[in-house]
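What follows is my_file24.pdb (PDB, C-alpha atoms).
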ATOM      1  CA  MET A 178     -10.795  -8.178 -21.149
ATOM      2  CA  ILE A 179      -8.861  -8.216 -17.866
ATOM      3  CA  ASN A 180      -5.106  -8.404 -18.381
ATOM      4  CA  THR A 181      -3.766  -6.619 -15.278
ATOM      5  CA  ILE A 182      -4.195  -7.390 -11.580
ATOM      6  CA  LEU A 183      -3.638  -4.605  -9.034
ATOM      7  CA  PHE A 184      -2.913  -5.858  -5.524
ATOM      8  CA  ASP A 185      -3.218  -3.974  -2.271
ATOM      9  CA  LEU A 186      -0.582  -4.973   0.294
ATOM     10  CA  ASP A 187      -1.586  -4.525   3.948
ATOM     11  CA  GLY A 188      -4.438  -6.841   4.906
ATOM     12  CA  THR A 189      -4.482  -8.323   1.406
ATOM     13  CA  LEU A 190      -1.201  -9.909   0.296
ATOM     14  CA  LEU A 191       0.052  -9.297   3.832
ATOM     15  CA  GLN A 192      -2.482 -10.979   6.084
ATOM     16  CA  PHE A 193      -2.714  -9.118   9.378
ATOM     17  CA  SER A 194      -4.938  -6.925  11.493
ATOM     18  CA  GLN A 195      -4.270  -3.278  10.701
ATOM     19  CA  ASP A 196      -4.739  -2.316  14.363
ATOM     20  CA  GLU A 197      -2.106  -4.814  15.552
ATOM     21  CA  PHE A 198       0.297  -3.716  12.829
ATOM     22  CA  ILE A 199      -0.069  -0.011  13.621
ATOM     23  CA  GLU A 200       0.337  -0.523  17.369
ATOM     24  CA  ASP A 201       3.575  -2.493  16.945
ATOM     25  CA  TYR A 202       4.897  -0.255  14.163
ATOM     26  CA  LEU A 203       4.278   3.027  15.972
ATOM     27  CA  GLY A 204       5.770   1.736  19.199
ATOM     28  CA  LYS A 205       9.044   1.091  17.367
ATOM     29  CA  LEU A 206       8.894   4.323  15.359
ATOM     30  CA  LYS A 207       8.699   6.338  18.572
ATOM     31  CA  LYS A 208      12.182   5.095  19.441
ATOM     32  CA  VAL A 209      13.495   6.467  16.152
ATOM     33  CA  PHE A 210      12.095   9.907  16.910
ATOM     34  CA  ARG A 211      13.466   9.876  20.469
ATOM     35  CA  SER A 212      16.908   8.838  19.207
ATOM     36  CA  ARG A 213      16.992  12.039  17.142
ATOM     37  CA  GLY A 214      15.982  14.265  20.053
ATOM     38  CA  LEU A 215      12.321  14.676  19.119
ATOM     39  CA  ASP A 216       9.281  14.402  21.355
ATOM     40  CA  ALA A 217       7.829  11.024  20.381
ATOM     41  CA  GLU A 218       4.151  11.883  20.860
ATOM     42  CA  LYS A 219       4.395  15.223  19.072
ATOM     43  CA  SER A 220       6.255  13.482  16.244
ATOM     44  CA  LEU A 221       3.514  10.878  15.875
ATOM     45  CA  THR A 222       0.924  13.642  15.785
ATOM     46  CA  ALA A 223       2.943  15.401  13.071
ATOM     47  CA  MET A 224       3.150  12.106  11.181
ATOM     48  CA  TRP A 225      -0.633  11.664  11.204
ATOM     49  CA  VAL A 226      -1.097  15.233   9.969
ATOM     50  CA  GLY A 227       1.404  14.476   7.210
ATOM     51  CA  ILE A 228      -0.503  11.329   6.228
ATOM     52  CA  LYS A 229      -3.735  13.317   6.124
ATOM     53  CA  ASP A 230      -2.082  15.816   3.805
ATOM     54  CA  MET A 231      -0.911  12.979   1.544
ATOM     55  CA  VAL A 232      -4.515  11.747   1.313
ATOM     56  CA  LEU A 233      -5.517  15.279   0.307
ATOM     57  CA  ASN A 234      -2.601  15.706  -2.105
ATOM     58  CA  ASP A 235      -3.658  17.465  -5.297
ATOM     59  CA  GLY A 236      -0.949  16.152  -7.610
ATOM     60  CA  SER A 237       1.172  19.314  -7.489
ATOM     61  CA  MET A 238       3.999  17.414  -5.757
ATOM     62  CA  THR A 239       4.837  13.875  -4.741
ATOM     63  CA  ASN A 240       3.394  12.382  -1.575
ATOM     64  CA  ALA A 241       6.910  12.326  -0.115
ATOM     65  CA  GLU A 242       7.323  16.056  -0.656
ATOM     66  CA  ARG A 243       3.849  16.728   0.756
ATOM     67  CA  PHE A 244       4.508  14.614   3.846
ATOM     68  CA  TRP A 245       7.900  16.044   4.790
ATOM     69  CA  ILE A 246       6.827  19.651   4.223
ATOM     70  CA  THR A 247       3.956  19.076   6.633
ATOM     71  CA  PHE A 248       6.044  17.124   9.142
ATOM     72  CA  ALA A 249       8.699  19.861   9.227
ATOM     73  CA  HIS A 250       6.077  22.568   9.619
ATOM     74  CA  GLU A 251       4.302  20.778  12.491
ATOM     75  CA  LEU A 252       7.540  20.390  14.461
ATOM     76  CA  SER A 253       9.209  23.646  13.336
ATOM     77  CA  LEU A 254      12.124  21.734  11.821
ATOM     78  CA  SER A 255      14.605  23.161   9.376
ATOM     79  CA  GLU A 256      15.063  21.440   6.025
ATOM     80  CA  GLU A 257      18.386  20.032   7.224
ATOM     81  CA  GLN A 258      16.845  18.693  10.444
ATOM     82  CA  CYS A 259      14.032  17.129   8.453
ATOM     83  CA  ARG A 260      16.473  15.340   6.132
ATOM     84  CA  VAL A 261      18.194  13.835   9.181
ATOM     85  CA  ILE A 262      14.861  12.484  10.460
ATOM     86  CA  GLU A 263      13.969  11.155   7.014
ATOM     87  CA  ALA A 264      17.307   9.316   6.798
ATOM     88  CA  ALA A 265      16.769   7.849  10.271
ATOM     89  CA  CYS A 266      13.305   6.610   9.273
ATOM     90  CA  ASP A 267      14.671   5.037   6.086
ATOM     91  CA  ASP A 268      17.356   3.295   8.136
ATOM     92  CA  PHE A 269      14.643   1.978  10.454
ATOM     93  CA  TYR A 270      12.630   0.595   7.540
ATOM     94  CA  VAL A 271      15.692  -1.185   6.159
ATOM     95  CA  HIS A 272      17.170  -2.584   9.396
ATOM     96  CA  GLU A 273      14.495  -2.725  12.126
ATOM     97  CA  PHE A 274      11.082  -2.788  10.460
ATOM     98  CA  ASP A 275      11.416  -6.562   9.985
ATOM     99  CA  THR A 276      10.517  -7.119  13.640
ATOM    100  CA  VAL A 277       6.959  -5.906  12.955
ATOM    101  CA  LYS A 278       6.312  -9.012  10.831
ATOM    102  CA  SER A 279       5.473 -10.862  14.060
ATOM    103  CA  VAL A 280       1.865  -9.661  13.577
ATOM    104  CA  LEU A 281       1.676 -11.484  10.242
ATOM    105  CA  THR A 282      -0.594 -14.477   9.680
ATOM    106  CA  PRO A 283       1.586 -16.734   7.492
ATOM    107  CA  ASN A 284       0.280 -17.785   4.083
ATOM    108  CA  ASP A 285       1.834 -19.132   0.917
ATOM    109  CA  ILE A 286      -0.943 -17.947  -1.380
ATOM    110  CA  SER A 287       0.302 -14.398  -1.937
ATOM    111  CA  GLU A 288       3.717 -15.369  -3.281
ATOM    112  CA  ARG A 289       2.244 -18.193  -5.337
ATOM    113  CA  LEU A 290      -0.353 -15.911  -6.943
ATOM    114  CA  VAL A 291       2.007 -13.059  -7.783
ATOM    115  CA  ARG A 292       4.434 -15.464  -9.429
ATOM    116  CA  ALA A 293       1.780 -17.520 -11.245
ATOM    117  CA  LEU A 294      -0.223 -14.725 -12.865
ATOM    118  CA  PRO A 295       2.535 -13.423 -15.193
ATOM    119  CA  LYS A 296       2.940 -16.976 -16.486
ATOM    120  CA  LYS A 297      -0.726 -16.800 -17.515
ATOM    121  CA  GLY A 298      -0.015 -13.516 -19.308
ATOM    122  CA  TYR A 299      -1.237 -11.072 -16.666
ATOM    123  CA  GLN A 300       0.577  -7.946 -15.586
ATOM    124  CA  VAL A 301       0.736  -7.564 -11.793
ATOM    125  CA  VAL A 302       0.910  -4.224  -9.986
ATOM    126  CA  LEU A 303       1.399  -3.493  -6.289
ATOM    127  CA  ALA A 304      -1.171  -0.776  -5.716
ATOM    128  CA  THR A 305      -0.453  -0.224  -2.039
ATOM    129  CA  ASN A 306      -1.552   3.122  -0.618
ATOM    130  CA  PRO A 307       1.593   5.241  -1.154
ATOM    131  CA  PHE A 308       2.233   6.436   2.392
ATOM    132  CA  PHE A 309       5.591   4.660   2.762
ATOM    133  CA  PRO A 310       9.017   5.098   1.138
ATOM    134  CA  SER A 311      10.156   2.487  -1.355
ATOM    135  CA  CYS A 312      12.503   0.857   1.155
ATOM    136  CA  ALA A 313       9.618   0.189   3.568
ATOM    137  CA  VAL A 314       7.600  -1.475   0.802
ATOM    138  CA  THR A 315      10.624  -3.621  -0.074
ATOM    139  CA  THR A 316      10.921  -4.797   3.542
ATOM    140  CA  ARG A 317       7.223  -5.675   3.806
ATOM    141  CA  LEU A 318       7.249  -7.561   0.520
ATOM    142  CA  GLY A 319      10.152  -9.603   1.856
ATOM    143  CA  TRP A 320       7.866 -10.904   4.603
ATOM    144  CA  ILE A 321       6.025 -12.942   1.960
ATOM    145  CA  GLY A 322       9.002 -13.839  -0.202
ATOM    146  CA  LEU A 323       8.450 -11.176  -2.864
ATOM    147  CA  THR A 324      10.445  -8.235  -4.242
ATOM    148  CA  GLN A 325       9.511  -5.094  -6.120
ATOM    149  CA  GLU A 326      10.852  -6.755  -9.269
ATOM    150  CA  ASP A 327       7.913  -9.177  -9.125
ATOM    151  CA  PHE A 328       5.622  -6.287 -10.134
ATOM    152  CA  SER A 329       5.514  -4.069 -13.195
ATOM    153  CA  LEU A 330       4.777  -1.103 -10.916
ATOM    154  CA  VAL A 331       4.953  -0.553  -7.156
ATOM    155  CA  THR A 332       3.400   2.614  -5.780
ATOM    156  CA  HIS A 333       5.189   4.366  -2.915
ATOM    157  CA  TYR A 334       5.300   7.917  -1.640
ATOM    158  CA  THR A 335       8.140   9.020  -3.910
ATOM    159  CA  ASN A 336       6.535   8.007  -7.223
ATOM    160  CA  SER A 337       2.911   8.917  -6.402
ATOM    161  CA  SER A 338       1.050  12.198  -6.118
ATOM    162  CA  TYR A 339      -2.301  10.890  -4.879
ATOM    163  CA  CYS A 340      -3.635   8.285  -2.449
ATOM    164  CA  LYS A 341      -6.546   5.882  -2.337
ATOM    165  CA  PRO A 342      -9.524   6.403  -2.406
ATOM    166  CA  ASN A 343      -8.880   9.398  -4.694
ATOM    167  CA  LEU A 344      -9.823   8.262  -8.198
ATOM    168  CA  LYS A 345      -6.817  10.177  -9.513
ATOM    169  CA  TYR A 346      -4.589   7.668  -7.723
ATOM    170  CA  PHE A 347      -5.998   4.879  -9.883
ATOM    171  CA  GLU A 348      -5.900   7.052 -12.996
ATOM    172  CA  GLU A 349      -2.223   7.775 -12.296
ATOM    173  CA  VAL A 350      -1.559   4.029 -12.063
ATOM    174  CA  PHE A 351      -3.488   3.257 -15.266
ATOM    175  CA  THR A 352      -1.460   5.897 -17.104
ATOM    176  CA  LYS A 353       1.871   4.571 -15.845
ATOM    177  CA  ILE A 354       1.130   0.968 -16.821
ATOM    178  CA  GLU A 355      -0.557   2.011 -20.090
ATOM    179  CA  ARG A 356      -3.764   0.140 -19.378
ATOM    180  CA  ARG A 357      -7.400   1.155 -19.675
ATOM    181  CA  PRO A 358      -9.422   0.870 -16.436
ATOM    182  CA  GLU A 359     -11.611  -1.909 -17.847
ATOM    183  CA  GLN A 360      -8.486  -4.023 -18.409
ATOM    184  CA  CYS A 361      -7.679  -3.957 -14.683
ATOM    185  CA  LEU A 362      -8.873  -5.805 -11.584
ATOM    186  CA  MET A 363      -8.184  -4.188  -8.204
ATOM    187  CA  VAL A 364      -7.771  -6.631  -5.313
ATOM    188  CA  GLY A 365      -7.931  -5.251  -1.784
ATOM    189  CA  ASN A 366      -9.363  -5.641   1.703
ATOM    190  CA  ASN A 367     -10.657  -2.109   2.247
ATOM    191  CA  SER A 368     -14.187  -1.500   1.013
ATOM    192  CA  PHE A 369     -13.709   2.266   0.831
ATOM    193  CA  GLU A 370     -10.119   2.745  -0.332
ATOM    194  CA  ASP A 371      -9.515  -0.247  -2.597
ATOM    195  CA  MET A 372     -12.997  -0.718  -3.994
ATOM    196  CA  ALA A 373     -12.988   2.938  -5.128
ATOM    197  CA  ALA A 374     -11.197   1.528  -8.176
ATOM    198  CA  GLY A 375     -14.627   0.424  -9.354
ATOM    199  CA  LYS A 376     -15.675   4.053  -9.664
ATOM    200  CA  ALA A 377     -12.566   4.617 -11.787
ATOM    201  CA  GLY A 378     -13.782   1.937 -14.189
ATOM    202  CA  ALA A 379     -11.842  -1.127 -12.994
ATOM    203  CA  GLU A 380     -13.139  -4.504 -11.874
ATOM    204  CA  THR A 381     -12.728  -5.237  -8.161
ATOM    205  CA  PHE A 382     -12.338  -8.118  -5.700
ATOM    206  CA  LEU A 383     -12.746  -7.557  -1.950
ATOM    207  CA  VAL A 384     -10.568  -9.885   0.149
ATOM    208  CA  THR A 385     -12.460 -10.685   3.339
ATOM    209  CA  ASP A 386      -9.923 -12.394   5.670
ATOM    210  CA  PHE A 387      -8.919  -9.056   7.220
ATOM    211  CA  MET A 388     -11.570  -6.894   5.605
ATOM    212  CA  GLU A 389     -11.903  -3.252   6.635
ATOM    213  CA  ASN A 390     -15.309  -1.621   6.268
ATOM    214  CA  GLU A 391     -15.162   1.244   8.729
ATOM    215  CA  ALA A 392     -17.605   3.289   6.649
ATOM    216  CA  ASP A 393     -20.135   0.433   6.938
ATOM    217  CA  LEU A 394     -20.669   0.387   3.178
ATOM    218  CA  ASP A 395     -23.061  -2.028   1.501
ATOM    219  CA  ILE A 396     -20.720  -4.621   0.031
ATOM    220  CA  SER A 397     -23.349  -7.153  -0.979
ATOM    221  CA  ASP A 398     -22.909  -6.487  -4.700
ATOM    222  CA  LEU A 399     -19.122  -6.696  -4.649
ATOM    223  CA  ARG A 400     -17.150  -9.676  -5.921
ATOM    224  CA  GLN A 401     -15.561 -10.923  -2.699
ATOM    225  CA  GLY A 402     -14.026 -13.839  -0.850
ATOM    226  CA  THR A 403     -11.105 -15.069   1.210
ATOM    227  CA  LEU A 404      -7.545 -15.031  -0.068
ATOM    228  CA  ALA A 405      -7.938 -18.723  -0.881
ATOM    229  CA  GLU A 406     -11.104 -17.975  -2.847
ATOM    230  CA  LEU A 407      -9.300 -15.128  -4.627
ATOM    231  CA  GLU A 408      -6.615 -17.574  -5.729
ATOM    232  CA  GLU A 409      -9.267 -19.936  -7.072
ATOM    233  CA  TYR A 410     -10.938 -17.096  -8.961
ATOM    234  CA  LEU A 411      -7.754 -15.628 -10.451
ATOM    235  CA  MET A 412      -6.366 -18.988 -11.493
ATOM    236  CA  SER A 413      -9.673 -19.699 -13.258
ATOM    237  CA  LEU A 414      -9.135 -16.680 -15.520
ATOM    238  CA  PRO A 415      -8.175 -17.600 -19.083
ATOM    239  CA  ASP A 416      -4.541 -18.038 -20.038
ATOM    240  CA  ILE A 417      -3.704 -15.006 -22.202
ATOM    241  CA  SER A 418       0.024 -15.670 -22.494
ATOM    242  CA  LYS A 419      -0.281 -17.053 -26.031
TER     243      LYS A 419
END

Would you put the structure from the file into structure tokens?
Amino acid sequence: MINTILFDLDGTLLQFSQDEFIEDYLGKLKKVFRSRGLDAEKSLTAMWVGIKDMVLNDGSMTNAERFWITFAHELSLSEEQCRVIEAACDDFYVHEFDTVKSVLTPNDISERLVRALPKKGYQVVLATNPFFPSCAVTTRLGWIGLTQEDFSLVTHYTNSSYCKPNLKYFEEVFTKIERRPEQCLMVGNNSFEDMAAGKAGAETFLVTDFMENEADLDISDLRQGTLAELEEYLMSLPDISK
């Protein structure tokens, strides 16, 4: 029986176009790199290589360690220089990242759902792809009136050693929350990354408002619907709080 709901963040609880978000986000991140004397374009290239290496992470280190090792290597930075850049990025996520929320399509469903499900006895997990530091996740959750404390687990690049769609990412989550895959429902908007949870043994729900299906996968057999339809489905689940 399902007793745990895993939520993706971008494009799912946060309703926005990924392309619009990335364009606005990267434009602001370039300024951070320039302010620390780095070439903005080369830094973005190094960032994308670092993200690729996080996707390929084999569990031997955290995603954060994997990313910054790669980033430093790509730009020939010393460990000390790299720590300065990392601190500057963290400061950006805490104090300036908020301006990116202008791309958001407002909704009150996400906050309502995350707060209502525990009252029905369900554990809620934020299973966002762990590319970002914890502080960046905190800022983005604030855009919809939520905090990390609203979830029993929030994945970020410091506490994760894999990324979606790697099945080991989901297995790592199941282990941390002490749940069997069949007890979990993964909710997300990406047919490839989020719905991979089905191959790990979990139930799935594809949110279609800002759906991503770049691999052109056949999604006809997937449980799916808008965020509003997701709310209707989840609130129809039995109350297991007693």

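Distances here use all atoms listed in the file; by that measure, the residue among A:Val271, A:Cys312, A:Leu303, A:Ile262 closest to Gly365 (chain A) is A:Leu303.
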
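Compared by their closest atoms to Asp187 (chain A), and using all atoms listed in the file, the residues A:Ile199, A:Ala373, A:Leu254, A:Leu294 rank with A:Ile199 nearest.
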
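The two atoms in question, CA of Leu404 (chain A) and CA of Glu349 (chain A), are spaced 26.4 Å apart.
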
To box region 253-267 of chain A, take all atoms listed in the file, fit an axis-aligned box, add 3 Å on each side, and give centre and edge lengths in Å to one decimal, as AutoDock Vina command-line options.
--center_x 13.8 --center_y 14.3 --center_z 9.7 --size_x 15.2 --size_y 24.6 --size_z 13.3

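Nearest to Val301 (chain A) of all the residues A:Cys361, A:Ala392, A:Met178, A:Val261 is A:Cys361, counting only C-alpha atoms.
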
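Atom pair CA of Val314 (chain A) / CA of Tyr334 (chain A) has a distance of 10.0 Å (rounded to one decimal).
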
ask   = Taking into account all atoms listed in the file, which residue in the set A:Arg289, A:Lys207, A:Arg243, A:Lys229 is nearest to Leu411 (chain A)?
value = A:Arg289
